[in-house]
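To start, the structure itself, in structure tokens.
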Amino acid sequence: MSLYRRTSVTSFSDCGRVFSLTIQRGIGRFVPWFLQTSQKWTRCCQDQSLPSSPLLSLNLFNMLIPTRYYLLVVVVLISARYLFGIWGSADSRSAYLTALAEKWKHAQNAGLSYITDGDPNVSSSLPISLEEEPRRANASFVILARNGELKEVIESLKQIEDRFNRKYHYPYVFLNEQPFTNEFKRWTQEVISSKAHYGVIPPDHWYQPGHIDEARAAMMRQTLVDDDVIYGGSVSYRNMCRFNSGFFYRHPLMQQFRYYWRVEPGVKFFCDIETDPFLYMQDHNKTYGFTISLYEYERTIPSLWVVTKEFMRRHPEYLPEDNALSFISDDQGETYNLCHFWSNFEIADMDLWRSEAYTKYFEFLDSVGGFYYERWGDAPVHSIGAALFSRKDQIHFFREIGYRHDPFQHCPQGDHHRNGKCWCEEKDNFDYDGYSCTYRYDRLFT
């Protein structure tokens with residue numbers, strides 16, 4: 001009986017030993033079966049074919065004995081020639097071993113392996129499948145979560161795995177201002193099909209910076225509380241917005257990747273995702289992808305556009321021609337129309353955030369303290385950055401990805417809905433609701 005477990009192939013000698021033992025075991029099981037079957041066949045001939053002539057029957061039996069061995073030799077030689085044909089030259093052996101090693105390495109990383117029936121001589125393992133792996137981008141999911149959000153995280157992971165990642169096995173990066181518990185790591189690793197990385201956010205990336213006047217910040221927070229602004233009094237929410245705006249892509253665990261897909265705890269993915277969004281971004285030179293866009297609550301960002309205009313005045317060289325300014329402004333940049341991409345879902349190229357233009361922009365925003373004196377969110381900050389520092393054709397609407405973050409959702413329409421086997425109702429769709437900005441995105445291309 002076969003068993004499944006995590007193992008590793010450590011060298012080409014391991015590959016060769018496992019391959020050799022596999023062939024030996026196959027031949028070793030075939031030979032006894034062949035001999036046993038031929039003996040039964042001979043006894044049948046003895047007993048039934050020529051009962052009236054014992055002498056003739058004995059002669060037939062003796063004649064069959066060498067015949068069955070001749071047949072056995074022929075079968076073994078043909079099988080050996082077929083199985084070992086790949087070992088005809090040093091180059092072919094090297095190429096074959098390299099291919100096997102790469103596939104075993106990927107199977108090991110995905111946690112998928114196969115071992116034979118408890119043979120103590122086989123220390124390495126064969127992967128379940130040696131099928132060609134799909135092409136992948138240099139990308140990762142990123143999830144900002146706390147230990148107490150484990151249930152909601154598992155819900156999101158299960159959906160993104162079932163709908164997409166069970167086929168592509170992109171890794172995950174989990175980030176938290178506190179160390180993740182063993183329980184959080186165990187449960188998340190059981191749900192996903194790929195590697196997981198768990199990181200602690202550096203204090204200077206998370207907590208309120210020293211240049212902020214806390215007395216002024218506290219007074220402004222109370223003002224927002226009095227006006228019933230959501231998260232108006234929360235410092236931790238402001239920490240999160242600042243971190244997502246300017247620091248998550250600087251985390252050491254994120255440095256190895258170029259593209260990311262942000263996933264929030266407790267979100268829903270309605271449709272099968274058959275086309276790799278990361279590869280789409282890479283192959284079509286896209287910088288930012290979204291599913292939902294809407295208006296920001298102006299009370300939280302009263303001075304954001306004033307500061308942004310000052311940055312543009314100082315650095316016009318950072319704005320490319322044919323950018324998406326008209327998505328966020330109806331008067332060539334004089335005012336901000338409050339439209340932004342809802343950043344709890346975003347698939348983006350971190351080279352955009354790591355660019356000199358966006359780095360200088362974020363540093364300018366951070367220096368004036370609006371994340372703490374007001375309540376600037378990462379959604380308008382990212383949206384303004386993407387619109388100003390990308391060409392408009394580099395911003396992509398993933399119409400085929402069904403997504404919900406309460407209270408809004410994007411449900412694909414028409415062929416996208418049918419092809420994705422979506423379980424949302426097409427009519428329950430925020431795209432062209434009165435509070436949506438999707439029509440402004442569409443107007444960029446008309």
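Chain identifiers are assigned as A, B, and so on, following the order in which chains appear in the structure tokens; residues are numbered from 1 within each chain, and ligands are numbered from 1 in order of appearance.
Close contacts of Trp376 in chain A, defined as residues with an atom at most 7 Å away when counting only C-alpha atoms, with chain neighbours fewer than 2 positions off set aside, comprise Thr300, Ile301, Gly370, Phe371, Glu374 and Asp378 of chain A.
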Hey, can you spit out that residue selection with C-alpha atoms as a compact mmCIF listing (two decimals), in the first residue's frame?
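Writing done, so here's result-v7.txt:
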# COMPACT_ATOMS: atom_id res chain seq x y z
CA THR A 300 -10.70 61.25 6.22
CA ILE A 301 -8.43 62.92 3.64
CA GLY A 370 -1.49 63.01 7.31
CA PHE A 371 -1.71 59.31 8.18
CA GLU A 374 -6.09 62.86 9.49
CA ASP A 378 -3.69 53.11 1.72
Strand (DSSP E) positions in range 318-395 of chain A, given as a list in words
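For range 318-395 of chain A, the strand (DSSP E) set is Cys339, His340, Phe341, Glu346, Ile347, Ala348, Asp349 and Ile395 of chain A.
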Requested write-out: N, CA and C atoms of the selected residues, as an mmCIF file, in the first residue's frame:
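Contents of selection-v1.cif, as written:
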data_model
loop_
_atom_site.group_PDB
_atom_site.id
_atom_site.type_symbol
_atom_site.label_atom_id
_atom_site.label_comp_id
_atom_site.auth_asym_id
_atom_site.auth_seq_id
_atom_site.Cartn_x
_atom_site.Cartn_y
_atom_site.Cartn_z
ATOM 1 N N CYS A 339 -12.131 59.234 -6.301
ATOM 2 C CA CYS A 339 -12.144 57.850 -6.788
ATOM 3 C C CYS A 339 -10.859 57.134 -6.405
ATOM 4 N N HIS A 340 -11.026 55.879 -6.020
ATOM 5 C CA HIS A 340 -9.860 55.052 -5.699
ATOM 6 C C HIS A 340 -10.195 53.584 -5.925
ATOM 7 N N PHE A 341 -9.151 52.794 -6.114
ATOM 8 C CA PHE A 341 -9.288 51.343 -6.213
ATOM 9 C C PHE A 341 -9.310 50.774 -4.796
ATOM 10 N N GLU A 346 -5.789 43.748 -4.441
ATOM 11 C CA GLU A 346 -4.955 44.351 -5.477
ATOM 12 C C GLU A 346 -3.890 43.346 -5.893
ATOM 13 N N ILE A 347 -3.639 43.294 -7.175
ATOM 14 C CA ILE A 347 -2.548 42.518 -7.749
ATOM 15 C C ILE A 347 -1.655 43.533 -8.446
ATOM 16 N N ALA A 348 -0.413 43.626 -8.016
ATOM 17 C CA ALA A 348 0.399 44.731 -8.517
ATOM 18 C C ALA A 348 1.861 44.339 -8.655
ATOM 19 N N ASP A 349 2.551 45.161 -9.402
ATOM 20 C CA ASP A 349 3.993 45.040 -9.626
ATOM 21 C C ASP A 349 4.688 45.905 -8.575
ATOM 22 N N ILE A 395 -2.951 49.885 -16.017
ATOM 23 C CA ILE A 395 -3.877 49.607 -14.922
ATOM 24 C C ILE A 395 -4.975 48.694 -15.457
#
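Remark: for Asn138 in chain A, the closest of the candidate residues A:Met350, A:Met220, A:Val153, A:Ala196 is A:Met350 (distances computed over only C-alpha atoms).
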A:Glu190, A:Asp272, A:Glu149, A:Asp228 ranked by distance to Cys424 in chain A, top pick (using only C-alpha atoms):
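Selected residue with least distance to Cys424 in chain A: A:Asp272.
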So which residues touch Met219 in chain A within 12 Å, counting only C-alpha atoms, skipping near sequence neighbours fewer than 6 positions away, as a list in words?
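So, after excluding close chain neighbours, the residues are Asp213, Val225, Asp226, Gly232, Gly233, Tyr372, Tyr373 and Glu374 of chain A.
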Which of these, A:Ser156, A:Gln394, A:Gln208, A:Gln413, has the shortest distance to Val235 in chain A once you count only C-alpha atoms?
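Closest to Val235 in chain A of all the choices is A:Gln208.
All residues of protein, DNA or RNA that reach within 10 Å of Ile230 in chain A, judged by only C-alpha atoms and not counting those fewer than 6 positions away in the chain, are Leu224, Tyr297, Thr300 and Arg375 of chain A.
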Export of the given selection (N, CA and C atoms) as an mmCIF file, in the first residue's frame:
data_model
loop_
_atom_site.group_PDB
_atom_site.id
_atom_site.type_symbol
_atom_site.label_atom_id
_atom_site.label_comp_id
_atom_site.auth_asym_id
_atom_site.auth_seq_id
_atom_site.Cartn_x
_atom_site.Cartn_y
_atom_site.Cartn_z
ATOM 1 N N LEU A 224 -12.590 63.263 14.836
ATOM 2 C CA LEU A 224 -13.199 62.278 13.931
ATOM 3 C C LEU A 224 -14.151 61.360 14.681
ATOM 4 N N TYR A 297 -14.154 58.504 1.548
ATOM 5 C CA TYR A 297 -14.857 59.365 2.486
ATOM 6 C C TYR A 297 -14.010 60.619 2.670
ATOM 7 N N THR A 300 -11.929 61.905 5.745
ATOM 8 C CA THR A 300 -10.701 61.247 6.225
ATOM 9 C C THR A 300 -9.446 61.764 5.532
ATOM 10 N N ARG A 375 -6.742 60.744 8.504
ATOM 11 C CA ARG A 375 -6.856 59.280 8.523
ATOM 12 C C ARG A 375 -6.683 58.766 7.103
#
Can you list, as a VMD selection string, every residue of range 128-202 of chain A that DSSP puts in alpha helix (DSSP H)?
chain A and resid 150 to 160 166 to 168 182 to 191
Quote the spacing between CA of Ser329 in chain A and CA of His315 in chain A in Å to one decimal place.
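Between CA of Ser329 in chain A and CA of His315 in chain A the gap works out to 18.3 Å.
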Interatomic distance between CA of Gly210 in chain A and CA of Arg242 in chain A?
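For CA of Gly210 in chain A relative to CA of Arg242 in chain A, the distance reads 13.9 Å.
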Correct to one decimal, the distance CA of Gly385 in chain A-CA of Asn244 in chain A is 12.9 Å
